[in-house]
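**Q** So that you have it, the file is final19.csv, and it contains CSV, C-alpha atoms:
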```
chain,number,residue,atom,x,y,z
A,1,MET,CA,73.3,103.8,88.2
A,2,THR,CA,73.7,107.4,89.0
A,3,ASP,CA,73.3,110.6,87.0
A,4,GLU,CA,75.9,112.3,89.0
A,5,PRO,CA,78.0,114.5,86.7
A,6,ALA,CA,81.6,113.5,86.2
A,7,ILE,CA,84.5,115.7,87.4
A,8,GLU,CA,86.7,116.7,84.6
A,9,THR,CA,90.2,118.0,85.1
A,10,ALA,CA,92.9,118.9,82.5
A,11,ARG,CA,93.9,115.2,82.1
A,12,LEU,CA,91.4,113.1,84.0
A,13,ILE,CA,87.8,112.2,84.4
A,14,LEU,CA,86.4,111.2,87.8
A,15,ARG,CA,83.1,109.3,87.6
A,16,PRO,CA,81.0,106.8,89.5
A,17,HIS,CA,81.9,103.1,89.2
A,18,ARG,CA,80.1,100.9,86.7
A,19,VAL,CA,80.0,97.1,86.6
A,20,GLU,CA,81.6,97.1,83.2
A,21,ASP,CA,84.7,98.7,84.8
A,22,ILE,CA,85.8,95.5,86.4
A,23,ASP,CA,88.5,94.5,83.8
A,24,GLY,CA,90.2,97.9,84.1
A,25,TYR,CA,89.5,98.3,87.8
A,26,ALA,CA,90.7,95.0,89.2
A,27,PRO,CA,94.4,95.7,88.3
A,28,LEU,CA,94.4,98.6,90.8
A,29,TRP,CA,94.0,96.1,93.6
A,30,THR,CA,95.3,92.8,92.2
A,31,ALA,CA,98.8,94.0,91.3
A,32,PRO,CA,101.3,93.3,94.1
A,33,PRO,CA,102.3,96.5,95.8
A,34,GLN,CA,105.8,97.8,95.2
A,35,GLY,CA,107.8,97.7,98.4
A,36,ARG,CA,106.0,98.4,101.7
A,37,SER,CA,102.4,99.2,101.2
A,38,PHE,CA,99.2,99.5,103.2
A,39,THR,CA,97.2,99.1,100.0
A,40,PRO,CA,95.6,95.6,100.1
A,41,VAL,CA,96.2,93.1,97.4
A,42,LEU,CA,92.8,91.8,96.3
A,43,ASP,CA,92.1,88.8,94.2
A,44,ALA,CA,89.6,89.1,91.3
A,45,GLU,CA,86.6,88.1,93.5
A,46,ALA,CA,87.5,90.7,96.2
A,47,ALA,CA,88.1,93.4,93.6
A,48,TRP,CA,84.6,92.7,92.1
A,49,ALA,CA,83.1,92.9,95.6
A,50,ARG,CA,84.8,96.2,96.3
A,51,LEU,CA,83.5,97.6,93.0
A,52,LEU,CA,80.0,96.5,93.8
A,53,ARG,CA,80.3,97.8,97.4
A,54,LEU,CA,81.2,101.3,96.2
A,55,ILE,CA,78.3,101.3,93.7
A,56,GLY,CA,76.0,100.5,96.6
A,57,HIS,CA,77.8,103.0,98.9
A,58,ARG,CA,77.0,105.8,96.5
A,59,ALA,CA,73.3,104.7,96.4
A,60,VAL,CA,73.1,104.7,100.2
A,61,PHE,CA,75.1,107.8,101.1
A,62,GLY,CA,75.0,109.9,97.9
A,63,PHE,CA,78.8,109.8,97.7
A,64,ALA,CA,81.6,107.3,97.2
A,65,PRO,CA,85.1,107.2,95.8
A,66,SER,CA,85.2,107.7,92.0
A,67,VAL,CA,87.0,105.8,89.3
A,68,VAL,CA,89.7,108.0,87.8
A,69,THR,CA,90.2,107.6,84.0
A,70,GLU,CA,92.6,109.3,81.6
A,71,ARG,CA,90.8,111.8,79.3
A,72,GLY,CA,92.4,110.6,76.1
A,73,SER,CA,92.5,106.8,76.6
A,74,GLY,CA,89.7,106.2,79.0
A,75,ARG,CA,92.0,103.9,80.9
A,76,ILE,CA,91.3,103.5,84.6
A,77,VAL,CA,94.3,105.0,86.5
A,78,GLY,CA,93.0,105.3,90.0
A,79,GLU,CA,90.3,105.7,92.5
A,80,VAL,CA,89.7,108.7,94.8
A,81,GLY,CA,87.1,110.2,97.0
A,82,PHE,CA,85.3,109.8,100.3
A,83,ALA,CA,83.5,106.9,101.9
A,84,ARG,CA,82.2,105.7,105.3
A,85,PHE,CA,84.3,102.6,105.7
A,86,ARG,CA,83.6,102.1,109.4
A,87,ARG,CA,87.0,100.5,110.0
A,88,GLY,CA,86.4,100.1,113.8
A,89,ILE,CA,89.2,102.6,114.7
A,90,GLY,CA,86.8,104.5,117.0
A,91,PRO,CA,84.3,107.4,116.9
A,92,GLY,CA,87.0,110.0,116.4
A,93,PHE,CA,87.8,108.4,113.0
A,94,ASP,CA,84.8,106.2,112.0
A,95,ALA,CA,82.2,109.0,112.4
A,96,ALA,CA,83.7,111.2,109.8
A,97,PRO,CA,83.8,110.7,106.0
A,98,GLU,CA,87.2,109.1,105.1
A,99,ALA,CA,89.2,110.4,102.1
A,100,MET,CA,91.1,107.7,100.1
A,101,TRP,CA,93.2,107.6,97.0
A,102,ILE,CA,95.1,105.1,95.0
A,103,VAL,CA,96.9,105.7,91.7
A,104,ALA,CA,98.0,102.9,89.3
A,105,ARG,CA,101.7,102.2,89.7
A,106,GLU,CA,102.5,102.9,86.1
A,107,VAL,CA,101.2,106.5,86.3
A,108,ARG,CA,102.7,107.5,89.7
A,109,GLY,CA,104.9,110.5,89.8
A,110,ILE,CA,103.2,112.5,87.0
A,111,GLY,CA,100.7,114.4,89.2
A,112,TYR,CA,97.6,112.4,88.5
A,113,GLY,CA,97.1,111.8,92.3
A,114,ARG,CA,97.3,115.4,93.1
A,115,GLU,CA,95.0,116.4,90.2
A,116,ALA,CA,92.4,113.8,91.1
A,117,VAL,CA,92.4,114.2,94.8
A,118,THR,CA,92.3,118.0,94.7
A,119,ALA,CA,89.2,117.8,92.4
A,120,ALA,CA,87.5,115.2,94.5
A,121,VAL,CA,88.0,117.2,97.7
A,122,ALA,CA,86.7,120.4,96.0
A,123,ARG,CA,83.5,118.5,94.8
A,124,PHE,CA,83.0,116.9,98.2
A,125,ASP,CA,83.3,120.3,100.0
A,126,ALA,CA,80.8,121.8,97.6
A,127,CYS,CA,78.2,119.0,97.7
A,128,PHE,CA,78.6,117.5,101.2
A,129,PRO,CA,79.3,120.3,103.7
A,130,VAL,CA,80.7,118.3,106.7
A,131,THR,CA,82.8,119.9,109.4
A,132,ARG,CA,85.5,117.2,109.4
A,133,SER,CA,86.9,114.4,107.2
A,134,VAL,CA,89.7,112.0,107.9
A,135,CYS,CA,92.3,109.7,106.2
A,136,MET,CA,95.0,107.3,107.2
A,137,ILE,CA,98.4,107.2,105.6
A,138,ASP,CA,101.4,104.9,105.9
A,139,PRO,CA,104.2,107.2,107.2
A,140,ALA,CA,106.5,105.8,104.5
A,141,ASN,CA,104.2,107.1,101.8
A,142,THR,CA,105.9,110.5,101.4
A,143,ALA,CA,103.9,111.5,98.3
A,144,SER,CA,100.5,110.9,100.1
A,145,LEU,CA,101.8,112.7,103.2
A,146,ARG,CA,102.7,115.8,101.1
A,147,LEU,CA,99.4,115.7,99.3
A,148,ALA,CA,97.4,115.4,102.6
A,149,ALA,CA,99.3,118.3,104.1
A,150,ASP,CA,98.7,120.5,101.0
A,151,LEU,CA,94.9,119.7,101.3
A,152,GLY,CA,94.8,120.7,104.9
A,153,PHE,CA,94.9,117.3,106.6
A,154,THR,CA,96.8,117.3,110.0
A,155,ALA,CA,97.9,114.3,112.1
A,156,PHE,CA,95.8,113.5,115.1
A,157,GLY,CA,96.6,109.9,116.0
A,158,ARG,CA,98.0,106.5,115.1
A,159,THR,CA,96.7,103.1,114.6
A,160,THR,CA,97.8,99.7,113.4
A,161,ARG,CA,95.9,97.9,110.6
A,162,HIS,CA,96.9,94.7,108.9
A,163,GLY,CA,100.3,94.8,110.6
A,164,ALA,CA,101.1,98.4,109.3
A,165,GLU,CA,101.5,101.4,111.5
A,166,LEU,CA,99.4,104.2,110.1
A,167,VAL,CA,99.0,107.9,111.0
A,168,LEU,CA,95.5,109.2,111.3
A,169,TYR,CA,94.8,112.6,109.8
A,170,GLU,CA,91.9,115.0,109.9
A,171,ARG,CA,90.8,118.0,107.9
A,172,VAL,CA,88.4,120.6,109.1
A,173,ALA,CA,86.3,121.8,106.2
A,174,PRO,CA,86.7,125.4,105.1
A,175,ALA,CA,84.0,127.7,106.4
A,176,SER,CA,81.4,128.5,103.7
```
How would this structure read if it were set down as structure tokens?

**A**
Amino acid sequence: MTDEPAIETARLILRPHRVEDIDGYAPLWTAPPQGRSFTPVLDAEAAWARLLRLIGHRAVFGFAPSVVTERGSGRIVGEVGFARFRRGIGPGFDAAPEAMWIVAREVRGIGYGREAVTAAVARFDACFPVTRSVCMIDPANTASLRLAADLGFTAFGRTTRHGAELVLYERVAPAS
């Protein structure tokens, strides 16, 4: 467990994963994606392994993506943050912290993604001053493309993962 403070926004709380999150967390990954999606579909065992991996990631690196919950209901509605996933894309990608975000399908389109990712990026910039971070986005995911651009990510390459063509983005951290 970590004593890292939660990030609170107007409608959301971003906090470290806990093992007791599994019942609310697994649906983020086990629900079949709508249309074309790079987001993997994980069975219950793989969702459990991901949750545990991110708890361990935070213990090793001091940061990991956070669970996103609604302030009023406490319901898990997403996961956002940074990790070192070491995807094997190459040093131009794998050496930098990777931003990621996923929002539950039933709350897409109401601004939760933007609210959560903006808060996570601000916290990461304040606590982990790195010169560069990266992310990868399916070019069909127009909402994520807009969000990445608004946060200062710019395209620098392409890759194919799990049969999907993805665009690689980088963000140079603001000077402190």

**Q** Pick out the closest residue to Val68 (chain A) from this set: A:Ala119, A:Val41, A:Ile22, A:Leu12. Count only C-alpha atoms.

**A** A:Leu12

**Q** To one decimal place in Å, what is the distance between CA of Trp101 (chain A) and CA of Pro65 (chain A)?

**A**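 Answer for the CA of Trp101 (chain A) to CA of Pro65 (chain A) separation: 8.2 Å.
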
**Q** Contacts of region 159-170 of chain A at 9 Å or less, counting all atoms listed in the file, minus same-chain residues fewer than 5 places along, as a ChimeraX atom specification?

**A** /A:37-38,40,89,93,98,132-139,148,152-154

**Q** In terms of the shortest atom-to-atom distance over all atoms listed in the file, which of A:Leu54, A:Val80, A:Leu145, A:Asp94 is closest to Glu115 (chain A)?

**A** A:Val80

**Q** Excluding Ser73 (chain A) and its own-chain neighbours fewer than 3 positions away, which residues fall within 12 Å of it when counting only C-alpha atoms? Please give them as a list in words.

**A**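 The residues satisfying every condition are Arg11, Leu12, Ile13, Gly24, Val68, Thr69, Glu70, Ile76 and Val77 of chain A.
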
**Q** Nearest residue to Val172 (chain A) out of A:Gly78, A:Gly111, A:Pro97, A:Gly72, using only C-alpha atoms?

**A**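 For Val172 (chain A), the nearest of the given residues is A:Pro97.
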
**Q** Quick one: everything within 9 Å of Ala44 (chain A), counting all atoms listed in the file, minus sequence neighbours fewer than 5 positions away in the same chain. Send it as number ranges by chain.

**A** A: 22, 26-27, 29-30, 49

**Q** Of the candidates A:Glu79, A:Thr142, A:Ala99, A:Leu51, which one gets nearest to Asp125 (chain A) if we count only C-alpha atoms?

**A**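 Once distances to Asp125 (chain A) are computed over only C-alpha atoms, the minimum belongs to A:Ala99.
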
**Q** What does the distance from CA of Arg108 (chain A) to CA of Gly81 (chain A) come to in Å, to one decimal?

**A**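 Taking CA of Arg108 (chain A) as the start and CA of Gly81 (chain A) as the end point, the length is 17.4 Å.
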
**Q** Nearest to Val121 (chain A): which of A:Tyr25, A:Phe85, A:Phe156, A:Phe63 is it, counting all atoms listed in the file?

**A**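 With all atoms listed in the file as the atom set, the closest residue is A:Phe63.
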
**Q** Taking 2 positions as the minimum chain separation for residues in the same chain, which residues sit within 8 Å of Ile55 (chain A) when counting only C-alpha atoms? Answer as a list in words.

**A** Met1, Pro16, His17, Arg18, Leu51, Leu52, Arg53, His57, Arg58, Ala59 and Ala64 of chain A

**Q** Can you tell me how far CA of Asp21 (chain A) sits from CA of Val67 (chain A), in Å to one decimal?

**A**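 One can read the CA of Asp21 (chain A) to CA of Val67 (chain A) distance as 8.7 Å.
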
**Q** Looking at A:Phe61, A:Met100, A:Arg71, A:Ala126, which one is nearest to Ala10 (chain A), with distances taken over only C-alpha atoms?

**A**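 Among A:Phe61, A:Met100, A:Arg71, A:Ala126, it is A:Arg71 that comes nearest to Ala10 (chain A).
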